[in-house]
Amino acid sequence: MTSILNRLAAGTAIGLIASSALAADVTIQFGHDNKADPFENPAHACTAVFANIIGTDTNGAVEVEVFPSNQLGSAQEHVQLVRDGVLQATLTSTGALASYYPRIDVLNLPFAFANDGSTYDVFDGPFGTALAADIEAELGDVKVLGFPDTGGFFAVTNSQHEIAKLGDFDGIRIRTMTLPSHQAIMQALGAEAYPLAWGEVYSGLQTGVIDGQMNPVPIISFSKFEEVQKYLTLTNHLFSPYTLLMNRAVWDGLTEEQQDVVRYAAKSCVTASRGLSRIIEGSDRGLAGLREKMTVTALTSEERDAMREATQPVFEAYVAENLDEKAVELLELFKTEVDQANATPYIE
């Protein structure tokens, strides 16, 4: 923690020296764990838009300093730093947030969504509002500003053989986050779940410690997993958004007008993350490029149904046994909103 504080102090001092004549009334230091390229990953696209809108629309009264690539600690440490007010904002994954808010695990209901549009409806609607309110109530010292896209639906890659049906998972060692629910899902599919820290995934794939992993297509692409994986299956089994958090005291210290700007910036941040995710998926930096280097398989509706039937009861039992009644209530609301979103046509 001391080294993190030193880095923050150094960065702040440099910023003050360089721009003392234009000092902001409020500085929001924003940490995240992705690369500093707004055209390569949804996280930095989100933060770049967020920072630009706030700085511009407040005429510099509120400035956002972005610290990407885990400069100030891990994703999990970012959450605590925001709670402590050392950092003022972060994007956190479900895995990192679960240490502080275990109910976030309800988002891991497998094979839930029919399409990307359904995810937008759910997280921008009553469920997203209820989830944000519950996170704020439990943590007490944060403001939830939205649920940006991490890259879209999860796909599965592996080095052993094509996965086109449920039985193809048998014996494949798949890396998961350190979330027991992810491990339960992979095991229900017949795979061997192997939790591993993100920084060790590429080397684990390269050395054969693990056979495969699961992540959204943009993450697979910018992580260059095609160098160490032969097969990619579009399972679309999970959608796991970021949670955009701000320190509550900083939020409360903003004027009403400044809060309106931050809300608008956060909404634009979410939109940017979704847009870039879809662009990467459809470009040479996503599926089109990966198809030239990997065998890409889309599941049939029958196989997707079989995988849903194998995994959803296991997941729901996990939630009932390991989380509290409030989590079960959130899961029921999630299922209701997902079903409604899946049934809603794009055009009436």
# chains A, B, ... in the order shown; residues from 1 in each chain; ligands from 1
>>> residues_around(residues="A:Leu254", least_positions_apart="6", cutoff="12 Å", atoms="only C-alpha atoms", output="count of residues only")
15
>>> closest_atom_pairs(of="stretch 122-184 of chain A", to="stretch 296-310 of chain A", cutoff="9 Å", atoms="only C-alpha atoms", output="CSV")
residue,atom,partner,partner_atom,distance
A:Glu162,CA,A:Thr297,CA,7.5
A:Ile163,CA,A:Thr297,CA,7.4
A:Ala164,CA,A:Leu299,CA,6.0
A:Lys165,CA,A:Glu303,CA,5.6
A:Leu166,CA,A:Met307,CA,6.1
>>> select_by_dssp(residues="stretch 222-286 of chain A", states="strand (DSSP E)", output="ChimeraX atom specification")
/A:231-234,243-247
>>> closest_residue(among="A:Asn115, A:Leu244, A:Val144, A:Glu329", to="A:Ser273", atoms="only C-alpha atoms")
A:Leu244
>>> closest_atom_pairs(of="stretch 212-321 of chain A", to="stretch 116-133 of chain A", cutoff="12 Å", atoms="only C-alpha atoms", output="Markdown table")
| residue | atom | partner | partner_atom | distance |
| --- | --- | --- | --- | --- |
| A:Asn236 | CA | A:Asp116 | CA | 9.9 |
| A:Leu238 | CA | A:Thr119 | CA | 10.6 |
| A:Phe239 | CA | A:Thr119 | CA | 7.7 |
| A:Ser240 | CA | A:Thr119 | CA | 9.7 |
| A:Pro241 | CA | A:Phe123 | CA | 9.0 |
| A:Tyr242 | CA | A:Phe123 | CA | 10.9 |
| A:Thr243 | CA | A:Ala132 | CA | 8.8 |
| A:Leu244 | CA | A:Ala132 | CA | 9.8 |
| A:Leu245 | CA | A:Ala132 | CA | 9.7 |
| A:Met246 | CA | A:Ala132 | CA | 11.9 |
| A:Lys267 | CA | A:Asp124 | CA | 9.6 |
| A:Val270 | CA | A:Tyr120 | CA | 9.7 |
| A:Thr271 | CA | A:Tyr120 | CA | 9.6 |
| A:Ser273 | CA | A:Tyr120 | CA | 11.6 |
| A:Arg274 | CA | A:Tyr120 | CA | 8.9 |
| A:Gly275 | CA | A:Asp116 | CA | 11.0 |
| A:Ser277 | CA | A:Asp116 | CA | 10.4 |
| A:Arg278 | CA | A:Asp116 | CA | 9.1 |
| A:Glu281 | CA | A:Asp116 | CA | 11.8 |
>>> residues_around(residues="stretch 284-295 of chain A", least_positions_apart="2", cutoff="12 Å", atoms="only C-alpha atoms", output="ChimeraX atom specification")
/A:39-41,151-152,155-164,216-234,276-282,297-298
>>> select_by_dssp(residues="stretch 203-338 of chain A", states="alpha helix (DSSP H)", output="number ranges by chain")
A: 203-207, 217-222, 248-253, 256-282, 287-291, 301-322, 325-338
>>> residues_around(residues="A:Val82", least_positions_apart="5", cutoff="12 Å", atoms="only C-alpha atoms", output="count of residues only")
31
>>> closest_residue(among="A:Gly212, A:Ser99, A:Ala114, A:Phe147", to="A:Gly171", atoms="only C-alpha atoms")
A:Gly212
>>> atom_distance(atom1="atom CA of A:His237", atom2="atom CA of A:Val201")
19.8 Å
>>> residues_around(residues="A:Asn52", least_positions_apart="4", cutoff="8 Å", atoms="only C-alpha atoms", output="mmCIF file with N, CA and C atoms, in the first residue's frame")
data_model
loop_
_atom_site.group_PDB
_atom_site.id
_atom_site.type_symbol
_atom_site.label_atom_id
_atom_site.label_comp_id
_atom_site.auth_asym_id
_atom_site.auth_seq_id
_atom_site.Cartn_x
_atom_site.Cartn_y
_atom_site.Cartn_z
ATOM 1 N N ALA A 48 -11.449 7.041 -21.125
ATOM 2 C CA ALA A 48 -11.051 8.190 -21.943
ATOM 3 C C ALA A 48 -12.239 9.107 -22.201
ATOM 4 N N THR A 56 -14.110 18.718 -19.949
ATOM 5 C CA THR A 56 -14.635 19.720 -20.875
ATOM 6 C C THR A 56 -15.887 20.398 -20.343
ATOM 7 N N VAL A 64 -10.146 14.530 -14.487
ATOM 8 C CA VAL A 64 -9.966 13.095 -14.260
ATOM 9 C C VAL A 64 -8.575 12.689 -14.727
#
